[in-house]
Each structure stands twice: as structure tokens, then as C-alpha cells.
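Peer 1: Contents are mmCIF, C-alpha atoms; file name final.cif:
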```
data_model
loop_
_atom_site.group_PDB
_atom_site.id
_atom_site.type_symbol
_atom_site.label_atom_id
_atom_site.label_comp_id
_atom_site.auth_asym_id
_atom_site.auth_seq_id
_atom_site.Cartn_x
_atom_site.Cartn_y
_atom_site.Cartn_z
ATOM 1 C CA ALA A 1 134.155 88.601 77.888
ATOM 2 C CA GLN A 2 132.458 89.997 74.819
ATOM 3 C CA HIS A 3 128.851 91.076 74.715
ATOM 4 C CA ALA A 4 126.285 91.933 72.066
ATOM 5 C CA GLY A 5 127.284 95.115 70.362
ATOM 6 C CA ALA A 6 130.984 94.864 71.185
ATOM 7 C CA HIS A 7 133.589 96.146 68.748
ATOM 8 C CA VAL A 8 136.807 94.193 68.487
ATOM 9 C CA LEU A 9 139.383 95.907 66.292
ATOM 10 C CA ILE A 10 142.295 93.974 64.824
ATOM 11 C CA ALA A 11 144.880 95.322 62.416
ATOM 12 C CA ILE A 12 144.887 93.546 59.047
ATOM 13 C CA PRO A 13 148.333 91.967 58.433
ATOM 14 C CA GLU A 14 148.641 93.376 54.936
ATOM 15 C CA LEU A 15 148.365 96.914 56.267
ATOM 16 C CA ALA A 16 152.039 97.178 57.297
ATOM 17 C CA LEU A 17 151.418 100.317 59.406
ATOM 18 C CA ALA A 18 149.229 100.875 62.437
ATOM 19 C CA ALA A 19 146.213 103.044 61.854
ATOM 20 C CA VAL A 20 147.134 106.036 63.967
ATOM 21 C CA GLY A 21 147.035 109.758 63.508
ATOM 22 C CA ALA A 22 144.305 109.806 60.879
ATOM 23 C CA ALA A 23 142.232 112.955 60.585
ATOM 24 C CA ALA A 24 138.944 111.048 60.835
ATOM 25 C CA GLU A 25 137.413 107.595 61.126
ATOM 26 C CA TRP A 26 135.126 106.139 58.498
ATOM 27 C CA GLU A 27 133.245 102.924 59.211
ATOM 28 C CA MET A 28 131.702 100.447 56.804
ATOM 29 C CA SER A 29 129.726 97.390 57.888
ATOM 30 C CA SER A 30 128.329 94.434 55.982
ATOM 31 C CA ASP A 31 126.097 91.422 56.454
ATOM 32 C CA ALA A 32 124.744 88.377 54.652
ATOM 33 C CA ALA A 33 121.342 86.841 55.384
ATOM 34 C CA LYS A 34 119.986 83.470 54.315
ATOM 35 C CA ALA A 35 117.454 82.486 56.979
ATOM 36 C CA GLY A 36 114.683 84.376 58.721
ATOM 37 C CA THR A 37 113.657 86.472 55.723
ATOM 38 C CA SER A 38 111.878 86.147 52.408
ATOM 39 C CA ARG A 39 114.327 88.643 50.906
ATOM 40 C CA PRO A 40 117.822 87.263 51.616
ATOM 41 C CA ALA A 41 120.718 89.375 50.392
ATOM 42 C CA LEU A 42 124.222 90.648 50.833
ATOM 43 C CA ALA A 43 124.273 94.232 52.087
ATOM 44 C CA GLY A 44 126.507 97.002 53.301
ATOM 45 C CA TYR A 45 126.210 100.350 55.066
ATOM 46 C CA MET A 46 128.502 103.358 55.410
ATOM 47 C CA HIS A 47 127.545 106.744 56.866
ATOM 48 C CA GLY A 48 124.028 106.882 55.474
ATOM 49 C CA SER A 49 124.679 105.020 52.232
ATOM 50 C CA THR A 50 123.505 101.455 51.678
ATOM 51 C CA TRP A 51 123.681 98.818 48.977
ATOM 52 C CA ARG A 52 121.856 95.518 48.685
ATOM 53 C CA LEU A 53 122.511 92.549 46.397
ATOM 54 C CA PRO A 54 119.682 89.972 46.485
ATOM 55 C CA LEU A 55 120.515 86.284 46.718
ATOM 56 C CA ALA A 56 118.890 83.697 44.492
ATOM 57 C CA ALA A 57 116.916 80.773 45.907
ATOM 58 C CA ALA A 58 119.729 78.415 44.881
ATOM 59 C CA ASP A 59 122.204 80.478 46.904
ATOM 60 C CA VAL A 60 120.400 79.898 50.202
ATOM 61 C CA ALA A 61 119.117 76.312 49.944
ATOM 62 C CA GLY A 62 119.563 73.191 47.857
ATOM 63 C CA PRO A 63 122.526 71.364 46.327
ATOM 64 C CA PHE A 64 124.376 74.553 45.374
ATOM 65 C CA GLU A 65 123.748 76.505 48.568
ATOM 66 C CA ILE A 66 126.566 78.899 49.452
ATOM 67 C CA SER A 67 127.711 78.737 53.061
ATOM 68 C CA ILE A 68 127.118 81.758 55.262
ATOM 69 C CA PRO A 69 130.837 82.327 56.075
ATOM 70 C CA VAL A 70 131.553 82.563 52.342
ATOM 71 C CA LEU A 71 128.674 84.980 51.808
ATOM 72 C CA GLU A 72 129.773 87.133 54.753
ATOM 73 C CA LEU A 73 133.275 87.442 53.311
ATOM 74 C CA ALA A 74 131.822 88.204 49.874
ATOM 75 C CA ALA A 75 129.844 91.063 51.455
ATOM 76 C CA ILE A 76 133.070 92.531 52.857
ATOM 77 C CA VAL A 77 134.723 92.397 49.432
ATOM 78 C CA ILE A 78 131.704 94.014 47.786
ATOM 79 C CA ASN A 79 131.688 96.709 50.465
ATOM 80 C CA LEU A 80 135.160 97.710 49.302
ATOM 81 C CA ILE A 81 134.044 97.562 45.662
ATOM 82 C CA VAL A 82 131.002 99.789 46.259
ATOM 83 C CA PHE A 83 132.218 102.118 49.011
ATOM 84 C CA GLY A 84 135.983 102.090 48.494
ATOM 85 C CA PRO A 85 136.017 104.827 45.822
ATOM 86 C CA ARG A 86 134.037 107.094 48.171
ATOM 87 C CA VAL A 87 136.521 106.898 51.046
ATOM 88 C CA PRO A 88 139.098 109.700 50.979
ATOM 89 C CA ASP A 89 142.800 109.235 51.595
ATOM 90 C CA GLY A 90 144.141 109.879 55.070
ATOM 91 C CA VAL A 91 141.275 108.510 57.161
ATOM 92 C CA THR A 92 141.190 105.485 59.422
ATOM 93 C CA LEU A 93 138.855 102.947 57.825
ATOM 94 C CA LEU A 94 137.005 100.539 60.104
ATOM 95 C CA VAL A 95 135.875 97.426 58.209
ATOM 96 C CA MET A 96 133.203 95.839 60.387
ATOM 97 C CA SER A 97 131.525 92.430 60.067
ATOM 98 C CA ASP A 98 129.423 90.275 62.367
ATOM 99 C CA SER A 99 131.197 87.205 60.981
ATOM 100 C CA LEU A 100 134.080 86.255 63.257
ATOM 101 C CA THR A 101 135.252 83.788 60.597
ATOM 102 C CA SER A 102 135.634 86.601 58.067
ATOM 103 C CA VAL A 103 137.386 88.818 60.601
ATOM 104 C CA ASP A 104 139.845 86.009 61.333
ATOM 105 C CA VAL A 105 140.505 85.544 57.612
ATOM 106 C CA LEU A 106 141.431 89.208 57.252
ATOM 107 C CA ALA A 107 143.284 89.584 60.529
ATOM 108 C CA ASP A 108 145.311 86.372 60.305
ATOM 109 C CA ALA A 109 145.294 85.628 56.557
ATOM 110 C CA ALA A 110 143.820 82.336 57.737
ATOM 111 C CA ALA A 111 141.543 81.302 54.857
ATOM 112 C CA ARG A 112 141.691 77.554 54.240
ATOM 113 C CA ALA A 113 138.581 76.703 52.230
ATOM 114 C CA PRO A 114 139.050 77.345 48.484
ATOM 115 C CA LEU A 115 136.192 79.840 48.174
ATOM 116 C CA MET A 116 137.393 81.790 51.205
ATOM 117 C CA GLN A 117 140.917 81.852 49.783
ATOM 118 C CA TRP A 118 139.603 83.108 46.446
ATOM 119 C CA LEU A 119 137.565 85.884 48.065
ATOM 120 C CA HIS A 120 140.500 86.923 50.224
ATOM 121 C CA ARG A 121 142.663 87.133 47.118
ATOM 122 C CA ARG A 122 140.025 89.249 45.381
ATOM 123 C CA LEU A 123 140.071 91.642 48.327
ATOM 124 C CA LEU A 124 143.868 91.909 48.352
ATOM 125 C CA ASP A 125 143.856 92.564 44.602
ATOM 126 C CA ASN A 126 141.223 95.306 44.894
ATOM 127 C CA ALA A 127 142.778 98.669 44.035
ATOM 128 C CA GLU A 128 140.688 100.561 46.593
ATOM 129 C CA PHE A 129 141.597 98.133 49.340
ATOM 130 C CA ARG A 130 145.283 98.529 48.553
ATOM 131 C CA ARG A 131 144.901 102.313 48.596
ATOM 132 C CA LEU A 132 143.141 102.340 51.962
ATOM 133 C CA ALA A 133 144.801 99.372 53.651
ATOM 134 C CA ARG A 134 147.585 101.288 55.376
ATOM 135 C CA ARG A 135 144.995 102.968 57.613
ATOM 136 C CA ALA A 136 142.418 100.191 57.884
ATOM 137 C CA LEU A 137 141.259 98.067 60.780
ATOM 138 C CA VAL A 138 138.949 95.074 60.722
ATOM 139 C CA GLY A 139 136.526 94.498 63.553
ATOM 140 C CA HIS A 140 133.893 92.058 64.773
ATOM 141 C CA CYS A 141 130.588 93.844 65.393
ATOM 142 C CA TYR A 142 127.266 92.268 66.186
ATOM 143 C CA GLY A 143 123.963 93.001 67.800
ATOM 144 C CA GLU A 144 122.971 96.638 67.843
ATOM 145 C CA THR A 145 126.258 97.827 66.305
ATOM 146 C CA ASN A 146 125.485 96.106 62.997
ATOM 147 C CA VAL A 147 121.797 96.844 62.865
ATOM 148 C CA MET A 148 121.762 98.791 59.572
ATOM 149 C CA SER A 149 123.553 96.150 57.525
ATOM 150 C CA ASP A 150 121.596 93.414 59.275
ATOM 151 C CA ALA A 151 118.276 95.053 58.415
ATOM 152 C CA SER A 152 119.315 95.711 54.834
ATOM 153 C CA SER A 153 120.445 92.125 54.242
ATOM 154 C CA ARG A 154 117.007 90.942 55.341
ATOM 155 C CA GLY A 155 115.072 93.500 53.336
ATOM 156 C CA TYR A 156 113.679 95.194 56.449
ATOM 157 C CA ASP A 157 113.172 98.571 54.805
ATOM 158 C CA ASP A 158 110.841 99.774 57.557
ATOM 159 C CA VAL A 159 113.471 99.099 60.217
ATOM 160 C CA MET A 160 116.067 101.022 58.256
ATOM 161 C CA SER A 161 113.746 103.970 57.726
ATOM 162 C CA THR A 162 112.837 104.098 61.412
ATOM 163 C CA LEU A 163 116.476 103.936 62.482
ATOM 164 C CA ALA A 164 117.460 106.619 59.995
ATOM 165 C CA ALA A 165 114.719 108.910 61.285
ATOM 166 C CA HIS A 166 115.817 108.465 64.900
ATOM 167 C CA LEU A 167 119.456 109.019 63.967
ATOM 168 C CA GLN A 168 118.548 111.961 61.722
ATOM 169 C CA VAL A 169 120.341 110.306 58.833
ATOM 170 C CA ARG A 170 119.184 110.588 55.246
ATOM 171 C CA LEU A 171 119.520 107.117 53.718
ATOM 172 C CA ARG A 172 120.972 106.878 50.222
ATOM 173 C CA GLU A 173 120.489 103.592 48.389
ATOM 174 C CA LEU A 174 123.296 102.792 45.972
ATOM 175 C CA ASP A 175 123.057 100.294 43.145
ATOM 176 C CA PRO A 176 125.770 97.635 43.380
ATOM 177 C CA THR A 177 128.287 98.115 40.594
ATOM 178 C CA ALA A 178 128.822 95.780 37.667
ATOM 179 C CA ASP A 179 131.961 94.527 39.425
ATOM 180 C CA ALA A 180 129.892 93.637 42.489
ATOM 181 C CA HIS A 181 127.426 91.636 40.404
ATOM 182 C CA ALA A 182 130.298 89.965 38.556
ATOM 183 C CA LEU A 183 131.948 88.886 41.802
ATOM 184 C CA LEU A 184 128.742 87.286 43.099
ATOM 185 C CA ASN A 185 128.149 85.530 39.773
ATOM 186 C CA GLU A 186 131.689 84.183 39.708
ATOM 187 C CA LEU A 187 131.304 83.044 43.307
ATOM 188 C CA ARG A 188 128.170 81.127 42.312
ATOM 189 C CA ALA A 189 130.004 79.454 39.441
ATOM 190 C CA ARG A 190 132.978 78.501 41.614
ATOM 191 C CA ASN A 191 130.710 77.196 44.368
ATOM 192 C CA ARG A 192 128.789 75.062 41.882
ATOM 193 C CA ALA A 193 131.973 73.681 40.342
ATOM 194 C CA GLU A 194 133.435 72.878 43.759
ATOM 195 C CA LYS A 195 130.319 71.015 44.867
ATOM 196 C CA GLN A 196 130.150 69.097 41.584
ATOM 197 C CA ARG A 197 133.778 68.018 42.007
ATOM 198 C CA ALA A 198 133.051 66.887 45.560
ATOM 199 C CA ASP A 199 129.992 64.915 44.420
ATOM 200 C CA ALA A 200 131.954 63.266 41.610
ATOM 201 C CA ALA A 201 134.727 62.283 44.004
ATOM 202 C CA ALA A 202 132.202 60.814 46.442
ATOM 203 C CA GLU A 203 130.698 58.649 43.680
ATOM 204 C CA GLN A 204 134.031 57.038 42.804
ATOM 205 C CA PRO A 205 134.185 53.432 44.063
ATOM 206 C CA ALA A 206 136.665 52.835 46.839
ATOM 207 C CA ALA A 207 139.855 51.093 45.763
ATOM 208 C CA GLY A 208 140.128 47.497 46.996
ATOM 209 C CA PRO A 209 143.297 45.374 47.230
ATOM 210 C CA PHE A 210 142.991 44.390 43.550
ATOM 211 C CA GLY A 211 141.971 47.755 42.130
ATOM 212 C CA PRO A 212 138.986 50.124 42.228
ATOM 213 C CA GLY A 213 135.824 48.481 43.446
ATOM 214 C CA VAL A 214 137.451 45.073 43.816
#
```
Could you show the structure in this file as C-alpha cells?

Peer 2:
Amino acid sequence: AQHAGAHVLIAIPELALAAVGAAAEWEMSSDAAKAGTSRPALAGYMHGSTWRLPLAAADVAGPFEISIPVLELAAIVINLIVFGPRVPDGVTLLVMSDSLTSVDVLADAAARAPLMQWLHRRLLDNAEFRRLARRALVGHCYGETNVMSDASSRGYDDVMSTLAAHLQVRLRELDPTADAHALLNELRARNRAEKQRADAAAEQPAAGPFGPGV
């Protein structure tokens, strides 16, 4: 049985080789928050460095709300965009998320929803991911093991500062790159288009025996 704070590591299928014999382990974690905060965001953390990408009101509620599984996977992709260039060759990379859905997508290539499939493709096409993938693992972390990313995604700066002080870590806030902003903006556009198509399809009259609406 799993418990809060458990790490479950699963090799990503695209990796081809098991992550063994690396000189060191680097871990990145991510999170997405919609509820329970006035400052919802996507966020990531890696060895003292953090990034945060605020969500718009329309992202978290209303007709064009983006589902939390999609946002969690987007945070993983952006983690690779922001942190990937900082990870050296030859290390084992642990890609951690508290979203079991996102972990399953990466571990089993199991994305079915169009937005999840698109985000998975963006990850596989990412040059840094392809460089690091041979020594990468994806894991499900939650509870106390994802506390930094969780706090950052909710804008709990005081929690992060307190944790950093106790851990004797100097926090470094990184600005998300232009590519990170572009990915979120494209996700918004695709989400809106998908919902508009679904609404249009729902408004079409059902076909009767003598034609539509008859």
C-alpha cells in the first residue's frame, strides 16, 4: 500500500536503457494548483531553484477551464523546458509529479485525450528531454515529498522560505522562459478550440429517420 510521501519510480518507455550507474541523481518536481489559493499557478522545483507560471482566471474556472490533469502534465513539460538545460549529462534524472495520471502517461505512453496527447508529444520532441531520457525515471510523489512545488504553485512564499531556511537551502527564483510561456498560451488556445468544437457538436440536432431534426 502507498502512503503520503511515497516515491514510486517507473522507467519511461522512451528511455530505452535502465537508469543505472549514474554518477549522481538529480530530482525535479512539479505541481499545478487551481483550488485553495488566490494565486493559482504551474510551478516546478529542482535543488533550490524554482519557477512559477501564474494561471489566468479563465484557466481555473468557467467555460474554458483547463482540467487539472492537463495542467499537471503541462507543468512536467515546462519543468524540462526550464530546468533541462541545467541538468548535466551522465546523471540519473528523477522526474517527479503528484499527478498519477501524468505519471501513467509518461510511463505507459497512455495519453488518450487530445490535449494530453499533444503535451506528451511536446515532451518527446523537447531536445533536453531527448538528451536526458536515457537516464531518466518518472515517479509519483505526493504529500511531504512534493511540498516545495506544491507551495510554489499556490503562491505560498512564506512556506517556501521557511522550508528553505530549515533545509539550509538558498532559493533561486527563475523566470519561465519564452518557450514556457508559449507552451501555456498554445495550450489555452487548443483547450478553447476543443471546447468550442464540443459545444458546436452538442448543439447539432439529432438525426431522425428522415434526416437531421426530423

Peer 1: Considering all atoms listed in the file, state which residue in the set A:Leu106, A:Ala32, A:Arg121, A:Glu128 is at the smallest distance from Leu53 in chain A.

Peer 2: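 Of the candidates, the smallest distance to Leu53 in chain A is held by A:Ala32.
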
Peer 1: Once the PyMOL selection byres ((chain A and resi 99) around 7) is applied to the coordinates I shared, what remains selected? I want it as a ChimeraX atom specification.

Peer 2: /A:69,72,97-98,100-103,140

Peer 1: Please write the residues picked by the PyMOL selection byres ((chain A and resi 146-150) around 6) on this file as a ChimeraX atom specification.

Peer 2: /A:30-31,43-45,142-145,151-153

Peer 1: Could you write out that same residue set with C-alpha atoms as a compact mmCIF listing (two decimals), keeping the file's coordinate frame?

Peer 2:
```txt
# COMPACT_ATOMS: atom_id res chain seq x y z
CA SER A 30 128.33 94.43 55.98
CA ASP A 31 126.10 91.42 56.45
CA ALA A 43 124.27 94.23 52.09
CA GLY A 44 126.51 97.00 53.30
CA TYR A 45 126.21 100.35 55.07
CA TYR A 142 127.27 92.27 66.19
CA GLY A 143 123.96 93.00 67.80
CA GLU A 144 122.97 96.64 67.84
CA THR A 145 126.26 97.83 66.31
CA ALA A 151 118.28 95.05 58.42
CA SER A 152 119.32 95.71 54.83
CA SER A 153 120.44 92.12 54.24
```

Peer 1: Smallest atom-to-atom distance to Arg39 in chain A: which of A:Ala136, A:Ala57, A:Val82, A:Ala178, using all atoms listed in the file?

Peer 2: A:Ala57

Peer 1: Could you list the residues chosen by the PyMOL selection byres ((chain A and resi 174) around 12) in this structure as a count of residues only?

Peer 2: 22

Peer 1: I'd like the contact shell of Asn191 in chain A - 10 Å cut-off, all atoms listed in the file, skipping same-chain residues fewer than 2 positions apart - returned as a list in words.

Peer 2: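 Those residues are Asp59, Phe64, Glu65, Ile66, Ser67, Val70, Pro114, Leu115, Asn185, Glu186, Leu187, Arg188, Ala189, Ala193, Glu194, Lys195, Gln196 and Arg197 of chain A.
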
Peer 1: List every protein, DNA or RNA residue that has an atom no more than 9 Å from (117.3, 85.0, 51.7) in the file's coordinate frame, counting all atoms listed in the file, and report them as a PyMOL selection string.

Peer 2: chain A and resi 32-42+54-57+59-60+153-155

Peer 1: Hey, what's within 7 Å of Val95 in chain A if we count all atoms listed in the file and toss same-chain stuff fewer than 2 positions away? As a list in words, please?

Peer 2: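 Once the adjacent positions are removed, what remains is Glu27, Met28, Ser29, Leu93, Ser97, Leu137, Val138 and Gly139 of chain A.
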
Peer 1: Since we have the selection now, will you write its residues out, keeping C-alpha atoms, as a PDB file, keeping the file's coordinate frame?

Peer 2:
```pdb
ATOM      1  CA  GLU A  27     133.245 102.924  59.211  1.00  0.00           C
ATOM      2  CA  MET A  28     131.702 100.447  56.804  1.00  0.00           C
ATOM      3  CA  SER A  29     129.726  97.390  57.888  1.00  0.00           C
ATOM      4  CA  LEU A  93     138.855 102.947  57.825  1.00  0.00           C
ATOM      5  CA  SER A  97     131.525  92.430  60.067  1.00  0.00           C
ATOM      6  CA  LEU A 137     141.259  98.067  60.780  1.00  0.00           C
ATOM      7  CA  VAL A 138     138.949  95.074  60.722  1.00  0.00           C
ATOM      8  CA  GLY A 139     136.526  94.498  63.553  1.00  0.00           C
TER       9      GLY A 139
END
```

Peer 1: Could you jot down the CA of Gly90 in chain A to CA of His120 in chain A separation for me, Å, one decimal place?

Peer 2: 23.7 Å

Peer 1: Can you patch up range 129-155 of chain A, filling it in to N, CA and C atoms, and show the result as an mmCIF file, in the frame of the given file?

Peer 2:
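Just written: selection00.cif:
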```cif
data_model
loop_
_atom_site.group_PDB
_atom_site.id
_atom_site.type_symbol
_atom_site.label_atom_id
_atom_site.label_comp_id
_atom_site.auth_asym_id
_atom_site.auth_seq_id
_atom_site.Cartn_x
_atom_site.Cartn_y
_atom_site.Cartn_z
ATOM 1 N N PHE A 129 141.097 98.711 48.099
ATOM 2 C CA PHE A 129 141.597 98.133 49.340
ATOM 3 C C PHE A 129 143.079 98.444 49.511
ATOM 4 N N ARG A 130 143.841 98.293 48.461
ATOM 5 C CA ARG A 130 145.283 98.529 48.553
ATOM 6 C C ARG A 130 145.570 100.004 48.842
ATOM 7 N N ARG A 131 144.726 100.888 48.318
ATOM 8 C CA ARG A 131 144.901 102.313 48.596
ATOM 9 C C ARG A 131 144.618 102.631 50.056
ATOM 10 N N LEU A 132 143.606 101.992 50.623
ATOM 11 C CA LEU A 132 143.141 102.340 51.962
ATOM 12 C C LEU A 132 143.744 101.472 53.058
ATOM 13 N N ALA A 133 144.409 100.390 52.682
ATOM 14 C CA ALA A 133 144.801 99.372 53.651
ATOM 15 C C ALA A 133 145.751 99.867 54.729
ATOM 16 N N ARG A 134 146.597 100.828 54.399
ATOM 17 C CA ARG A 134 147.585 101.288 55.376
ATOM 18 C C ARG A 134 146.940 101.919 56.599
ATOM 19 N N ARG A 135 145.698 102.365 56.470
ATOM 20 C CA ARG A 135 144.995 102.968 57.613
ATOM 21 C C ARG A 135 143.668 102.247 57.866
ATOM 22 N N ALA A 136 143.660 100.945 57.688
ATOM 23 C CA ALA A 136 142.418 100.191 57.884
ATOM 24 C C ALA A 136 142.528 99.250 59.069
ATOM 25 N N LEU A 137 141.398 99.036 59.701
ATOM 26 C CA LEU A 137 141.259 98.067 60.780
ATOM 27 C C LEU A 137 140.054 97.202 60.465
ATOM 28 N N VAL A 138 140.112 95.950 60.883
ATOM 29 C CA VAL A 138 138.949 95.074 60.722
ATOM 30 C C VAL A 138 138.421 94.753 62.110
ATOM 31 N N GLY A 139 137.113 94.730 62.245
ATOM 32 C CA GLY A 139 136.526 94.498 63.553
ATOM 33 C C GLY A 139 135.322 93.591 63.496
ATOM 34 N N HIS A 140 135.070 92.914 64.620
ATOM 35 C CA HIS A 140 133.893 92.058 64.773
ATOM 36 C C HIS A 140 132.810 92.860 65.477
ATOM 37 N N CYS A 141 131.711 93.119 64.794
ATOM 38 C CA CYS A 141 130.588 93.844 65.393
ATOM 39 C C CYS A 141 129.339 92.996 65.253
ATOM 40 N N TYR A 142 128.494 93.046 66.254
ATOM 41 C CA TYR A 142 127.266 92.268 66.186
ATOM 42 C C TYR A 142 126.247 92.903 67.113
ATOM 43 N N GLY A 143 125.023 92.397 66.995
ATOM 44 C CA GLY A 143 123.963 93.001 67.800
ATOM 45 C C GLY A 143 123.625 94.386 67.281
ATOM 46 N N GLU A 144 123.448 95.306 68.201
ATOM 47 C CA GLU A 144 122.971 96.638 67.843
ATOM 48 C C GLU A 144 123.986 97.433 67.029
ATOM 49 N N THR A 145 125.262 97.052 67.047
ATOM 50 C CA THR A 145 126.258 97.827 66.305
ATOM 51 C C THR A 145 126.261 97.496 64.820
ATOM 52 N N ASN A 146 125.538 96.453 64.418
ATOM 53 C CA ASN A 146 125.485 96.106 62.997
ATOM 54 C C ASN A 146 124.050 96.137 62.485
ATOM 55 N N VAL A 147 123.223 96.927 63.131
ATOM 56 C CA VAL A 147 121.797 96.844 62.865
ATOM 57 C C VAL A 147 121.430 97.299 61.456
ATOM 58 N N MET A 148 122.111 98.306 60.907
ATOM 59 C CA MET A 148 121.762 98.791 59.572
ATOM 60 C C MET A 148 122.034 97.744 58.505
ATOM 61 N N SER A 149 123.232 97.172 58.515
ATOM 62 C CA SER A 149 123.553 96.150 57.525
ATOM 63 C C SER A 149 122.686 94.915 57.710
ATOM 64 N N ASP A 150 122.434 94.569 58.966
ATOM 65 C CA ASP A 150 121.596 93.414 59.275
ATOM 66 C C ASP A 150 120.192 93.607 58.712
ATOM 67 N N ALA A 151 119.627 94.782 58.923
ATOM 68 C CA ALA A 151 118.276 95.053 58.415
ATOM 69 C C ALA A 151 118.253 95.066 56.896
ATOM 70 N N SER A 152 119.270 95.644 56.294
ATOM 71 C CA SER A 152 119.315 95.711 54.834
ATOM 72 C C SER A 152 119.433 94.336 54.219
ATOM 73 N N SER A 153 120.253 93.454 54.810
ATOM 74 C CA SER A 153 120.445 92.125 54.242
ATOM 75 C C SER A 153 119.186 91.272 54.338
ATOM 76 N N ARG A 154 118.270 91.669 55.190
ATOM 77 C CA ARG A 154 117.007 90.942 55.341
ATOM 78 C C ARG A 154 115.836 91.652 54.652
ATOM 79 N N GLY A 155 116.118 92.774 54.032
ATOM 80 C CA GLY A 155 115.072 93.500 53.336
ATOM 81 C C GLY A 155 114.106 94.194 54.267
#
```
